[in-house]
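Structure record follows, encoded as structure tokens.
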Amino acid sequence: MTIDGSWYLALAAVVFTIGAVGVLVRRNVLVMFMCIELMLNAANLTFVTFSRQLNDIGGQVAVFFVLVVAAAEVVVGLGIIVAIYRRRVGATADDPHELRG
Amino acid sequence: MLHFAYLIPLLPLAGFALLCVAGRRIGNPVAGWIATLAVAAAFAMSVVVLVSLFAHAPDGRLFTQHWFTWFRVDRLTVDVGLRIDPLSVTMALFVTGVSALIHLYSIGYMEHDEDFAKFFCYLNLFVFSMLMLVLSSNLLVTFFGWEGVGVCSYLLIAFWFRRPSAASAGKKAMIYNRIGDAGFLVALFLIFERTGSLDYQTVFARLGRISPTDLVAIALLLFLGAAGKSAQIPLFPWLADAMEGPTPVSALIHAATMVTAGVYLMCRINPILHAAPDAAHVVAWVGVVTALVAATIGCAQTDIKKVLAYSTVSQLGYMFLAAGTGAYVAAIFLMLAHAFYKALLFLSAGSVIHAMDGEQDLKKMGALRAFMPVTAVTFFVGWLSIAGVPPFSGFWAKSDVLENAWAVSPALWAIGAVTAVLTAYYMGREFFLVFMGDPRWQGARPGGDAPRDPGWVMGVPLVVLAACSFLGLFIDLPFHPTWTFLERWLQPVVGASAAVHHYGLAELWGFGLADVAFAALGIAMAAAVWRAAVNRPRLEPRFLFMAWFIDWSYDRFVARPGALVSSFASSVVEARVIDGAVEGTARLVRRGGERLRRVQTGYVRTYAAVIVGGIVILVAYLVTRAGS
């Protein structure tokens, strides 16, 4: 049984939307972080889908780059989050707004 | 020996540099002696150059000495160098000679001044500039010297700058000269544009390339410059105010040297003037009218130096009359004679002022001949010379001018003759008021010392100049061709363009007797009116005392509207328009910044929302537009 490629794309769109909305509406920094991962993976899914459809290995290579970048981003992002929690336990994303103009 | 000519301007420059660096340490009076020696040595070098020039044939008496190239831009090459020819050497001789005597005199006159060294520093710089002006081989370097003497005259007129009148007189001289200098500059532009050079030799060789109209324009623009420097109508009022400077300065700058720069320029460019006869007419007429107007003003002044100042303007008018009628030799002759007798008169007046403790009002002097016999005699010699009494040099020079004026137009001659009578009259008035009559100063200085003749430092220049005023007659005598020394000497420079009128002996006697009659008439008038009287209000009308209200009307119709425009510009244009534009821009940026900073909320979600919004718009655009 083969599933039509458009389903994968629809799934990717849904996952991306969940991630985007999550970043916008949640205050918890960790959850926002996971939402960013969701968006990245939605993009990855799109890449793989098109790679399969077009028989082009380039899309899958891009996925590897995205994974590597995501891993690096996790390191930096978690570092920032830990630094924020160290100053104030249970801080939300709105608490550090010292850079307000 | 000619190559030593470079020392002529460089010696005063060295004196200036030394006094500039160490003047204060060298102090009074050694600084004055150094300056005097520098100029005297320059005079000696001029004599050496003169003698070695005699060794050459008359037509070969032109040497140019290249020093270095000042700058080279496209077609324009400006070389700094000297042009040694009879005219420039004559000028260098009398500039250094008269300056040396005035330097010597200043050592005595400025004895008690705290800025003694500074004074001599300026004097040396002035002599250097003047020598560059007369000796340079290039019009632009002449202009450099021209500006140099302008700066020095500013510094020296305003030497006692703590007096507001002196400070503003310096400014006035500067501003009037600026007007003339603008003309000079434009003339330089025109000459370069038409001939591609500013070197005298090249310019004169290429005069054919200039159209007659342009020649007239060039000559008139140069004359505007000369009128500024030499105080001719309409730019003469500064010279009377310039009497605020120390008296040696008046003698040096405003009688003997700087003001003659304009006449020198006219003689130097004689090929141009010759090729533009219309311009030459203008020069002659402006000269003679200036001579008359200034002479009438001189009749009503009460300041001992102002009479001399207007007399200088008047005599300069004569020189321009001579230059305009093509009598360049007469112009130079009168310039030399005038340098002697006017420096003499100024220095004698300086002695009087010195002895009277700074009193300059003619009405408060009188009877000084008994107290200052040397000064009285030297002033007397100066008076007879300027009045045109034979055998003093002034007679020969003035006759020469008037004869040549007659040949061009009897009207010019007639105005010149009236001026000659007035000259004898106002100088006689001054002589009688100062040296004859009753001592009107005794009430003002009860128990004080009587005025005395100055010491030898100031006396020697007086006597030497008096001798020169007399001996000047041997420079050029009309009776026989072998006696016209100056004419033959200047022949290579001005010969081609000079107007030559050979009068017979009878005509010469006629002119001579007429000139004697004018002088005698003026002196007789002065003696009749002023021998006994002190105040004659009808002979000193306010109109003449105020110098025909010329200065007054410049003030009323030019200076005050100018000041109004300036104050409008400073209070309205500057404050509102210019500052408004600058401050308005700053205010706009500040307000805009204040609005824009609200965007920077510090909340991550805001930024995220903006990014998402942006992406949505971008995607919407791509989906709807990019496809089509």
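Chain labels follow the order of the structure tokens: the first chain is A, the next B, and so on; residue numbering restarts at 1 in every chain, and ligands are counted from 1 in their shown order.
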Give one line per residue of chain B that approaches chain A to at most 6 Å, naming the two atoms of the closest pair and their distance in Å to one decimal, counting only C-alpha atoms; sort by chain then ascending residue number and deliver it as a tab-separated table.
residue	atom	partner	partner_atom	distance
B:Arg597	CA	A:Gly101	CA	4.9
B:Gln600	CA	A:Gly101	CA	4.9
B:Thr601	CA	A:Arg100	CA	4.5
B:Gly602	CA	A:Arg100	CA	4.1
B:Tyr603	CA	A:Asp94	CA	5.6
B:Arg605	CA	A:Leu24	CA	5.5
Using the selection just defined, write its residues with N, CA and C atoms as a PDB file, in the first residue's frame.
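Heads up, here's the output in out10.pdb:
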ATOM      1  N   ARG B 597      10.887  53.201  19.242  1.00  0.00           N
ATOM      2  CA  ARG B 597      11.418  52.351  20.301  1.00  0.00           C
ATOM      3  C   ARG B 597      10.309  51.509  20.938  1.00  0.00           C
ATOM      4  N   GLN B 600      10.323  47.836  20.096  1.00  0.00           N
ATOM      5  CA  GLN B 600      11.273  46.959  20.791  1.00  0.00           C
ATOM      6  C   GLN B 600      10.707  46.649  22.181  1.00  0.00           C
ATOM      7  N   THR B 601       9.848  45.618  22.261  1.00  0.00           N
ATOM      8  CA  THR B 601       9.153  45.392  23.532  1.00  0.00           C
ATOM      9  C   THR B 601       9.967  44.583  24.522  1.00  0.00           C
ATOM     10  N   GLY B 602      10.902  43.783  24.023  1.00  0.00           N
ATOM     11  CA  GLY B 602      11.659  42.913  24.928  1.00  0.00           C
ATOM     12  C   GLY B 602      11.006  41.545  25.089  1.00  0.00           C
ATOM     13  N   TYR B 603       9.743  41.372  24.598  1.00  0.00           N
ATOM     14  CA  TYR B 603       9.056  40.081  24.715  1.00  0.00           C
ATOM     15  C   TYR B 603       9.363  39.233  23.502  1.00  0.00           C
ATOM     16  N   ARG B 605       7.784  36.761  22.428  1.00  0.00           N
ATOM     17  CA  ARG B 605       6.601  36.414  21.627  1.00  0.00           C
ATOM     18  C   ARG B 605       6.271  37.483  20.619  1.00  0.00           C
TER      19      ARG B 605
END
Can you list, as an NGL selection string, every protein, DNA or RNA residue that comes within 7 Å of B:Ala323 when you count only C-alpha atoms, leaving out same-chain residues fewer than 5 positions away? :B and (266-267 or 284 or 328 or 331)
Save the residues we just selected, N, CA and C atoms, as a PDB file, in the first residue's frame?
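See again-v7.pdb below for the written result:
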ATOM      1  N   MET B 266      51.042 100.478 -12.863  1.00  0.00           N
ATOM      2  CA  MET B 266      50.656 101.111 -14.127  1.00  0.00           C
ATOM      3  C   MET B 266      51.876 101.252 -15.046  1.00  0.00           C
ATOM      4  N   CYS B 267      53.032 101.603 -14.466  1.00  0.00           N
ATOM      5  CA  CYS B 267      54.229 101.751 -15.302  1.00  0.00           C
ATOM      6  C   CYS B 267      54.725 100.389 -15.768  1.00  0.00           C
ATOM      7  N   ALA B 284      44.054 108.671 -16.488  1.00  0.00           N
ATOM      8  CA  ALA B 284      44.471 110.068 -16.389  1.00  0.00           C
ATOM      9  C   ALA B 284      43.391 110.912 -15.732  1.00  0.00           C
ATOM     10  N   TYR B 328      55.330 107.933 -18.463  1.00  0.00           N
ATOM     11  CA  TYR B 328      55.728 107.032 -17.383  1.00  0.00           C
ATOM     12  C   TYR B 328      56.965 107.547 -16.666  1.00  0.00           C
ATOM     13  N   ALA B 331      55.900 109.999 -14.227  1.00  0.00           N
ATOM     14  CA  ALA B 331      55.266 109.342 -13.080  1.00  0.00           C
ATOM     15  C   ALA B 331      56.325 108.833 -12.113  1.00  0.00           C
TER      16      ALA B 331
END
Would you list the contacts of A:Val63 as JSON, numbers by chain, taking every protein, DNA or RNA residue within 7 Å and counting only C-alpha atoms, but skipping same-chain residues closer than 3 positions in sequence? {"A": [44, 47, 59, 60, 66, 67]}
How would the residues just chosen look if you wrote them out with N, CA and C atoms as a PDB file, in the first residue's frame?
ATOM      1  N   ASN A  44      11.753  19.202   7.957  1.00  0.00           N
ATOM      2  CA  ASN A  44      12.490  17.999   7.561  1.00  0.00           C
ATOM      3  C   ASN A  44      11.587  17.030   6.813  1.00  0.00           C
ATOM      4  N   PHE A  47      11.092  18.071   3.346  1.00  0.00           N
ATOM      5  CA  PHE A  47      12.292  17.764   2.559  1.00  0.00           C
ATOM      6  C   PHE A  47      12.297  16.308   2.095  1.00  0.00           C
ATOM      7  N   GLY A  59      17.496  16.538  -1.023  1.00  0.00           N
ATOM      8  CA  GLY A  59      16.579  16.884   0.057  1.00  0.00           C
ATOM      9  C   GLY A  59      16.965  16.191   1.341  1.00  0.00           C
ATOM     10  N   GLN A  60      17.364  14.901   1.215  1.00  0.00           N
ATOM     11  CA  GLN A  60      17.714  14.164   2.439  1.00  0.00           C
ATOM     12  C   GLN A  60      19.015  14.684   3.031  1.00  0.00           C
ATOM     13  N   VAL A  66      19.981  20.178   8.676  1.00  0.00           N
ATOM     14  CA  VAL A  66      19.024  20.745   9.626  1.00  0.00           C
ATOM     15  C   VAL A  66      19.194  20.080  10.986  1.00  0.00           C
ATOM     16  N   LEU A  67      19.366  18.727  10.998  1.00  0.00           N
ATOM     17  CA  LEU A  67      19.528  18.028  12.275  1.00  0.00           C
ATOM     18  C   LEU A  67      20.764  18.528  13.006  1.00  0.00           C
TER      19      LEU A  67
END
10 Å contact set for B:Leu87, only C-alpha atoms, chain neighbours under 2 positions out, as a ChimeraX atom specification: /B:62,83-85,89-93,134-135,264,267-268,329,332,486,489-494
Residue contacts of stretch 244-248 of chain B (6 Å, only C-alpha atoms) excluding same-chain residues fewer than 3 positions away, as a list in words: Ile157, Ala166, Ala251, Leu252 and Gly350 of chain B
Give me a file of those residues, with N, CA and C atoms, as a PDB file, in the first residue's frame.
ATOM      1  N   ILE B 157      49.065  99.880  10.729  1.00  0.00           N
ATOM      2  CA  ILE B 157      48.082 100.941  11.014  1.00  0.00           C
ATOM      3  C   ILE B 157      47.418 100.653  12.352  1.00  0.00           C
ATOM      4  N   ALA B 166      42.316 103.127  16.021  1.00  0.00           N
ATOM      5  CA  ALA B 166      43.410 102.527  15.261  1.00  0.00           C
ATOM      6  C   ALA B 166      43.003 101.159  14.733  1.00  0.00           C
ATOM      7  N   ALA B 251      54.810 107.586   7.183  1.00  0.00           N
ATOM      8  CA  ALA B 251      55.837 108.011   6.244  1.00  0.00           C
ATOM      9  C   ALA B 251      56.225 106.872   5.321  1.00  0.00           C
ATOM     10  N   LEU B 252      56.389 105.694   5.915  1.00  0.00           N
ATOM     11  CA  LEU B 252      56.889 104.563   5.132  1.00  0.00           C
ATOM     12  C   LEU B 252      55.832 104.046   4.166  1.00  0.00           C
ATOM     13  N   GLY B 350      56.230 114.059  12.374  1.00  0.00           N
ATOM     14  CA  GLY B 350      56.416 113.129  13.494  1.00  0.00           C
ATOM     15  C   GLY B 350      57.252 113.761  14.585  1.00  0.00           C
TER      16      GLY B 350
END
Write out as a VMD selection string all residues of chain A that DSSP puts in alpha helix (DSSP H) for this structure's backbone. chain A and resid 5 to 25 29 to 54 58 to 87
Would you compute the distance between atom CA of B:Asp303 and atom CA of B:Asp361? Give it in Å to one decimal.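 Taking atom CA of B:Asp303 as the start and atom CA of B:Asp361 as the end point, the length is 4.8 Å.
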